[in-house]
Structures are given as structure tokens and as C-alpha cells.
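Below is one structure, written out as C-alpha cells; comments come after it.
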Amino acid sequence: MKNATSLTSKILLLMTVALLPAAAKPIKVFILAGDESMLEQAPIEGRTPGIHEDFFAHAAPVKGEKKKHVTAAVYQGAYAPGTDYDALTPAVTGAVEIGDQRTKQAQKGKRGRVSVPMTPFPELARKDGTTTVLRGHVSVKHPGRYEFLPGAGEAAFNVTTVEGSEVYRRNAGQQQAVLTPVQLQPGKRYAFRTVFFGRPGHEFRVPLTNKPGALTTAMEDNPHYAFLKDKSGAWVTRDDVVLYDAHPIHNNTKTIGHLLQVGDVSYGGEEVSNAIGADLMFGHVMGNQYEQPVLLLRMATRHPIWFLRGSRSLGHDYRPPSSGGTADHDGSWDVIHFNWGVWDAVYRDAKSRFYQGRHITSVEDYEKNLRTLVARMKKTGATLIWASTTPVWEGEAGRINGDEQRYNAIAAKIMKENGVIIDDLHAESIRQGYPKTTNVH
């Protein structure tokens, strides 16, 4: 099987090389090795979905106020252009919930969610011959340029202002709304008003259009990156640079290489993340540097378990020969910051098919193992830093609050004997009030 996989890999690699144009000189090959930092994960699009919760009825925080709730005022008479609704007395007012539809778990312990009814508009707002006006305040978490998208369906016909300036208008019969982006800063509540021309609606989105760190935002801020698009505005694809993924788990026999482009491709049926990686700019720089075609041979993968993404270590899977060391901790480490304990202290009862009524690691075995590991790491000559095991929350089977302190006491004794620096994360966590939730992270 190994030989068959190797043969398949060679065939696919040859197919990848065939994508490159003929060259008088040998193809330039560069190896990109590492953890998921070598894969596409930086966002391309600077526009966010606009899902927003920071709507408030008041200009300043009020005790007991609810997010996503603003004031709805209903006036007698159909909407009439030029009417000063701020000078009129409404027939009725009330709190109304706006934003995205809330959901809840359909059944405890089971998958699936169901919609939660939103705080409704006053009954009068549903009747013909009335005009509904929303008044509230909005705050944002990130500075930037925002668009206001109030209403959907019939409710999308309205005019919305922020701090008195019009940011959205869609008149009756108008196909597209006129949007005027507005610059907002965090730490402030901005007053907004929406006047519906017909029936009102709960939908309300506020997308950020220039999210920091996104490729489109970087291109707007820095003309240096303009080369990534052609004259028509389409992303450039280079025909002289090919990217090939060599890792057998991530790709290899599933997807052959592809020409360098903006955005990833589907690897073996995986969902495309529409992101960019280090290969994009590196490939462009190398493609410009050399006359002959360039092949980027990438050896990287994401961890299959979502919450372990980013935890793949260069010293575990992908340590390059030039680093001067191996995964066995026998060379060129300057600092090693380490910890063991949170899983050693897990207690399994007799019902568990893995562990029968004891800690995963006894305190005695924990001390023996830790002494062996510290002695091994000391041989590297690196500065060693021990991080104490953080507090365990109460209420989960298998984790007894306070047990970690028994393991920390053993560890502290070993570290002091060996001159290892102690990073007391346990004490710092308690000082900050943790654990706050039933989450090991």
C-alpha cells in the first residue's frame, strides 16, 4: 500500500509539473513545510456578514437593558415624504427586537435548533394606514466602514439615518437601495432612525466592509498589492507558478496541484475556505525573481480535530533538517515552556470502558514521569519554564475541583529541585476569576 501511494504521488507530481510551461532551465522548486500556518487561512473578503447584536434603546448603558432591543413608534397615517415624525406624537410605542433571528437547542442533548420568537412590533404596526419608525443606538467592536441594511422583503423599503445622515434609502418600486457607508468607531453608541414606507420588519444587518487583515482591505489601503487583480478586476492566476500539496493526509492522492491563484481549492471534497496562505505572496515574489517556472511543494496540514487546529508543532511533524534538531528534543532549543497535568488528573469511574475508578495517571506515576521528562529536556541546554496546571471547574464527571493542586505540588517540588522557572498559571487564573465556564480552554 505504501509503494502504491508513493507511485500515485509521483504520477500526480508529474501531472502537476506538466502544468508549467516549457523552460530552457530547470524548474525552480521551493518546499513550504510547517503546520497549518502554511495553509490558506487569511481572509480574502473584507466584508463581514453583518450579523449584529449591539443595538440598544438608550444612548448610554442602562441597568437591565437588553441587546437587540430598540424603540418602535407607530404613527397614524400612511407614510408621506417630508413628514417630520420627530415632531409628531405616536399613537403607540414599544420595545421591539431587531437583528438576526435567535435560535435555541430543539432538545437537550440533541442536535438541531429552532427559532425563538422575537419581541414583536406593537399590534398597530401591522395595520394599513400607519407608519412605523425605529429609534435606537448601535455600537461596533471594530473601527471601520459600515453599511446599514435594514429590513427584508416589504420592510426593505425604508429610509435610515445615522446621527442624522442618510445611510440607506429604498423607495417604493426601487430595485436597489442607495447605500452610503459610514465610518464608525468602537466605544460609542450612534443614534439611528429607520422610517418604514410600509410594513416594518425585524431584519437588520450592519456589515463591516473593510475588515482589518483581509486581502481586499489591504489592497484598498495599499496600492502596492494592485498587481493581484487584472484590468477587469478579476483575481490574477499565474501560469508560471504551481502549488502542489505533498502531505498524504491533507491532499496527495486526492487533488493534483494547481496554478497559483487567490483562494484555495477543494482538497478531496473538503469545503473551500476562500482564504489565502503564505504561498500566494511567496509564489508571486519567486515567480517574478526567476525566468524559469516555479513549483511550490507544500508539506502541511490542519489537525483533523477542530479545537486542535494550530497546535501542530514544527518539532512534532514537520521539523526541517535545517533546524538542527529533531522531534526527540535533542538539539537547538532556546526555550521550552511546558506543562502536563490537566489530563493526568482526570478521574474515571467504574462505568468508563477506558479507566476503572482511578485517575488516568496516579500521583506516584505522575512524579516519576515528570522527573524523566525534565531530565530529558535539561539535556537540550534550553531554558525550561514550567506552567502550573490551571483550575478545574466544578460539576463535570471525571474532574474533581482541587485535584490539580495535588499534581501542581508534586510538579513545583521537581521544578525547584531542577532550577526550572515556574509560570504559575494556576494562581493567575484564580486571580482573574477563572474558571468561569465549563470549558477546558
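Identifiers in the C-alpha cells: chain A, B, ... in order shown; residue index from 1 per chain; ligand index from 1 in order shown.
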Which neighbours of Glu53 of chain A fall inside 8 Å, counting only C-alpha atoms, when residues of the same chain fewer than 6 positions from it are skipped, and could you give them as a compact mmCIF listing (two decimals) with all heavy atoms, in the first residue's frame?
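Below is the file result-v5.txt, written as the result:
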# COMPACT_ATOMS: atom_id res chain seq x y z
N LYS A 67 -29.87 43.78 24.77
CA LYS A 67 -29.30 43.97 23.45
C LYS A 67 -30.35 43.63 22.40
O LYS A 67 -31.28 42.88 22.65
CB LYS A 67 -28.07 43.07 23.25
CG LYS A 67 -26.80 43.56 23.91
CD LYS A 67 -25.63 42.67 23.51
CE LYS A 67 -24.33 43.18 24.07
NZ LYS A 67 -23.18 42.36 23.63
N LYS A 68 -30.17 44.22 21.23
CA LYS A 68 -31.04 43.96 20.07
C LYS A 68 -32.44 44.53 20.26
O LYS A 68 -33.33 44.26 19.46
CB LYS A 68 -31.12 42.47 19.75
CG LYS A 68 -29.81 41.83 19.36
CD LYS A 68 -29.95 40.35 19.09
CE LYS A 68 -30.82 40.10 17.89
NZ LYS A 68 -30.95 38.67 17.57
N GLY A 99 -32.49 42.58 14.31
CA GLY A 99 -31.26 41.83 14.06
C GLY A 99 -31.57 40.45 13.51
O GLY A 99 -32.63 40.21 12.94
In segment 112-160 of chain A, DSSP strand (DSSP E) residues written as a PyMOL selection string = chain A and resi 113-115+130-138+144-146+149-150+158-160
Which residues come within 7 Å of Ala57 of chain A, counting only C-alpha atoms, excluding same-chain residues fewer than 5 positions away, as a ChimeraX atom specification?
-> /A:69-71,136-137
Atom CA of Phe148 of chain A and atom CA of Leu179 of chain A, how far apart in Å?
-> 7.5 Å
Nearest to Gly381 of chain A, chosen from A:Arg406, A:Val346, A:Val262, A:Val420, with only C-alpha atoms counted in the distances =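 With only C-alpha atoms as the atom set, the closest residue is A:Val420.
From atom CA of Phe196 of chain A back to atom CA of Ala60 of chain A, the distance works out to 25.3 Å.
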With segment 100-112 of chain A as the partner and 9 Å as the cut-off, tabulate the residues of segment 148-228 of chain A that qualify, each row holding the nearest pair of atoms and their distance in Å to one decimal, using only C-alpha atoms, sorted by chain and rising number, as a Markdown table.
| residue | atom | partner | partner_atom | distance |
| --- | --- | --- | --- | --- |
| A:His202 | CA | A:Asp100 | CA | 7.8 |
| A:Glu203 | CA | A:Asp100 | CA | 6.1 |
| A:Phe204 | CA | A:Asp100 | CA | 6.9 |
| A:Arg205 | CA | A:Asp100 | CA | 7.5 |
For the residues in that selection, give me N, CA and C atoms as a PDB file, in the first residue's frame.
ATOM      1  N   HIS A 202     -38.139  42.903  11.361  1.00  0.00           N
ATOM      2  CA  HIS A 202     -37.115  42.755  12.399  1.00  0.00           C
ATOM      3  C   HIS A 202     -35.700  42.694  11.827  1.00  0.00           C
ATOM      4  N   GLU A 203     -35.556  42.305  10.562  1.00  0.00           N
ATOM      5  CA  GLU A 203     -34.223  42.098   9.995  1.00  0.00           C
ATOM      6  C   GLU A 203     -33.422  43.392  10.010  1.00  0.00           C
ATOM      7  N   PHE A 204     -32.136  43.275  10.421  1.00  0.00           N
ATOM      8  CA  PHE A 204     -31.284  44.468  10.455  1.00  0.00           C
ATOM      9  C   PHE A 204     -29.836  43.988  10.522  1.00  0.00           C
ATOM     10  N   ARG A 205     -29.068  44.284   9.491  1.00  0.00           N
ATOM     11  CA  ARG A 205     -27.655  43.887   9.465  1.00  0.00           C
ATOM     12  C   ARG A 205     -26.757  45.108   9.293  1.00  0.00           C
TER      13      ARG A 205
END
Give me, please, the distance in Å between atom CA of Ala73 of chain A and atom CA of Val138 of chain A, quoted to one decimal.
->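 Rounded to one decimal, the two atoms are 17.6 Å apart.
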Closest to Ala155 of chain A among A:Arg199, A:Arg371, A:Lys141, A:Lys188, using only C-alpha atoms?
->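 Among A:Arg199, A:Arg371, A:Lys141, A:Lys188, it is A:Arg199 that comes nearest to Ala155 of chain A.
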Polymer residues at most 12 Å from Asn171 of chain A, only C-alpha atoms, same-chain spacing of 4 or more positions, as a ChimeraX atom specification = /A:79-81,154-160,175-178,195-198
For Leu32 of chain A, which residue out of A:Leu384, A:Leu208, A:Leu243, A:Val114 is the nearest one, using only C-alpha atoms?
->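 Result for the nearest residue to Leu32 of chain A: A:Leu243.
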Could you pull the residues within 7 Å of Val182 of chain A, counting only C-alpha atoms, minus those fewer than 2 positions along the same chain, as a PyMOL selection string?
-> chain A and resi 145-147+180+184
Residues from the last selection, all heavy atoms, saved as a CSV table (one decimal), in the first residue's frame:
chain,number,residue,atom,x,y,z
A,145,ARG,N,-15.4,51.0,8.2
A,145,ARG,CA,-16.5,51.5,7.3
A,145,ARG,C,-17.7,50.5,7.3
A,145,ARG,O,-17.5,49.3,7.0
A,145,ARG,CB,-16.0,51.7,5.9
A,145,ARG,CG,-17.0,52.3,5.0
A,145,ARG,CD,-16.3,52.6,3.6
A,145,ARG,NE,-15.8,51.4,3.0
A,145,ARG,CZ,-14.5,51.1,2.8
A,145,ARG,NH1,-13.6,51.9,3.3
A,145,ARG,NH2,-14.2,50.0,2.2
A,146,TYR,N,-18.8,50.9,7.7
A,146,TYR,CA,-20.0,50.1,7.8
A,146,TYR,C,-21.1,50.5,6.9
A,146,TYR,O,-21.3,51.7,6.6
A,146,TYR,CB,-20.5,50.1,9.3
A,146,TYR,CG,-19.6,49.4,10.3
A,146,TYR,CD1,-18.5,50.1,10.8
A,146,TYR,CD2,-19.9,48.1,10.7
A,146,TYR,CE1,-17.7,49.5,11.8
A,146,TYR,CE2,-19.0,47.5,11.6
A,146,TYR,CZ,-18.0,48.2,12.1
A,146,TYR,OH,-17.2,47.5,13.0
A,147,GLU,N,-21.9,49.5,6.5
A,147,GLU,CA,-23.1,49.7,5.8
A,147,GLU,C,-24.3,49.3,6.6
A,147,GLU,O,-24.2,48.3,7.4
A,147,GLU,CB,-23.1,48.9,4.5
A,147,GLU,CG,-22.2,49.4,3.4
A,147,GLU,CD,-22.2,48.6,2.1
A,147,GLU,OE1,-22.9,47.5,2.1
A,147,GLU,OE2,-21.6,49.0,1.1
A,180,THR,N,-25.0,54.4,1.7
A,180,THR,CA,-23.9,55.4,2.0
A,180,THR,C,-23.1,54.9,3.2
A,180,THR,O,-23.6,55.0,4.3
A,180,THR,CB,-24.5,56.8,2.2
A,180,THR,OG1,-25.3,57.2,1.2
A,180,THR,CG2,-23.3,57.8,2.4
A,184,LEU,N,-17.4,54.2,11.6
A,184,LEU,CA,-17.8,54.1,13.0
A,184,LEU,C,-16.6,53.7,13.8
A,184,LEU,O,-15.7,53.0,13.3
A,184,LEU,CB,-18.9,53.1,13.2
A,184,LEU,CG,-20.2,53.3,12.4
A,184,LEU,CD1,-21.2,52.2,12.7
A,184,LEU,CD2,-20.8,54.7,12.7
As a compact mmCIF listing (two decimals) with N, CA, C and O atoms, in the first residue's frame, please: the residues near Trp340 of chain A (cut-off 12 Å, only C-alpha atoms, same-chain neighbours under 5 positions excluded).
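The resulting file, selection-v2.txt, is shown below:
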# COMPACT_ATOMS: atom_id res chain seq x y z
N ALA A 345 -4.91 14.30 35.80
CA ALA A 345 -5.77 14.42 36.98
C ALA A 345 -7.22 14.05 36.72
O ALA A 345 -8.05 14.12 37.63
N VAL A 346 -7.55 13.67 35.50
CA VAL A 346 -8.93 13.27 35.19
C VAL A 346 -9.24 11.95 35.91
O VAL A 346 -8.45 11.01 35.88
N THR A 361 -3.58 9.12 35.49
CA THR A 361 -2.21 8.90 35.96
C THR A 361 -2.19 9.09 37.47
O THR A 361 -2.61 10.15 37.96
N TYR A 366 2.83 10.12 38.06
CA TYR A 366 3.00 11.48 37.55
C TYR A 366 4.37 12.02 37.94
O TYR A 366 5.09 12.59 37.11
N GLU A 367 4.75 11.82 39.18
CA GLU A 367 6.06 12.30 39.65
C GLU A 367 7.18 11.60 38.90
O GLU A 367 8.15 12.24 38.45
N ASN A 369 7.09 10.14 35.91
CA ASN A 369 7.11 10.57 34.50
C ASN A 369 7.69 11.97 34.35
O ASN A 369 8.48 12.24 33.43
N LEU A 370 7.27 12.87 35.25
CA LEU A 370 7.71 14.26 35.13
C LEU A 370 9.21 14.39 35.37
O LEU A 370 9.89 15.18 34.70
N ARG A 371 9.74 13.62 36.31
CA ARG A 371 11.19 13.66 36.55
C ARG A 371 11.95 13.19 35.30
O ARG A 371 12.98 13.77 34.94
N LEU A 373 10.91 13.37 32.15
CA LEU A 373 10.76 14.37 31.09
C LEU A 373 11.63 15.59 31.34
O LEU A 373 12.26 16.13 30.42
N VAL A 374 11.68 16.05 32.57
CA VAL A 374 12.51 17.23 32.90
C VAL A 374 13.98 16.91 32.66
O VAL A 374 14.74 17.72 32.10
N TRP A 386 8.15 25.90 33.47
CA TRP A 386 7.02 25.02 33.78
C TRP A 386 5.77 25.87 34.01
O TRP A 386 5.79 26.85 34.76
N ALA A 387 4.67 25.52 33.34
CA ALA A 387 3.39 26.20 33.56
C ALA A 387 2.52 25.32 34.44
O ALA A 387 2.24 24.17 34.10
N SER A 388 2.13 25.84 35.61
CA SER A 388 1.30 25.04 36.51
C SER A 388 -0.07 24.78 35.88
O SER A 388 -0.56 25.57 35.08
N THR A 389 -0.66 23.65 36.24
CA THR A 389 -1.96 23.26 35.69
C THR A 389 -3.05 24.17 36.23
O THR A 389 -3.12 24.40 37.44
N THR A 390 -3.89 24.67 35.34
CA THR A 390 -4.92 25.65 35.73
C THR A 390 -6.09 24.99 36.44
O THR A 390 -6.27 23.77 36.38
N GLU A 404 -6.18 19.14 40.85
CA GLU A 404 -4.99 19.58 40.12
C GLU A 404 -3.92 20.13 41.05
O GLU A 404 -2.72 20.14 40.72
N TYR A 407 -1.27 17.60 41.98
CA TYR A 407 -0.29 17.40 40.91
C TYR A 407 0.64 18.61 40.80
O TYR A 407 1.85 18.46 40.56
N ASN A 408 0.09 19.79 41.01
CA ASN A 408 0.93 21.00 40.96
C ASN A 408 1.96 21.01 42.08
O ASN A 408 3.09 21.48 41.90
N ILE A 410 3.42 18.40 43.45
CA ILE A 410 4.50 17.49 43.04
C ILE A 410 5.38 18.16 42.00
O ILE A 410 6.62 18.11 42.06
N ALA A 411 4.73 18.81 41.01
CA ALA A 411 5.49 19.46 39.93
C ALA A 411 6.37 20.59 40.48
O ALA A 411 7.53 20.72 40.08
Counting only C-alpha atoms, the option among A:Ala87, A:Thr194, A:Met118, A:Leu39 closest to Gly151 of chain A |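 Of all the options, A:Thr194 lies closest to Gly151 of chain A.
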Residue with smallest distance to Gly277 of chain A - pool A:Ala42, A:Ala33, A:Gly129, A:Pro207, counting only C-alpha atoms =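 The shortest atom-to-atom distance to Gly277 of chain A comes from A:Ala42.
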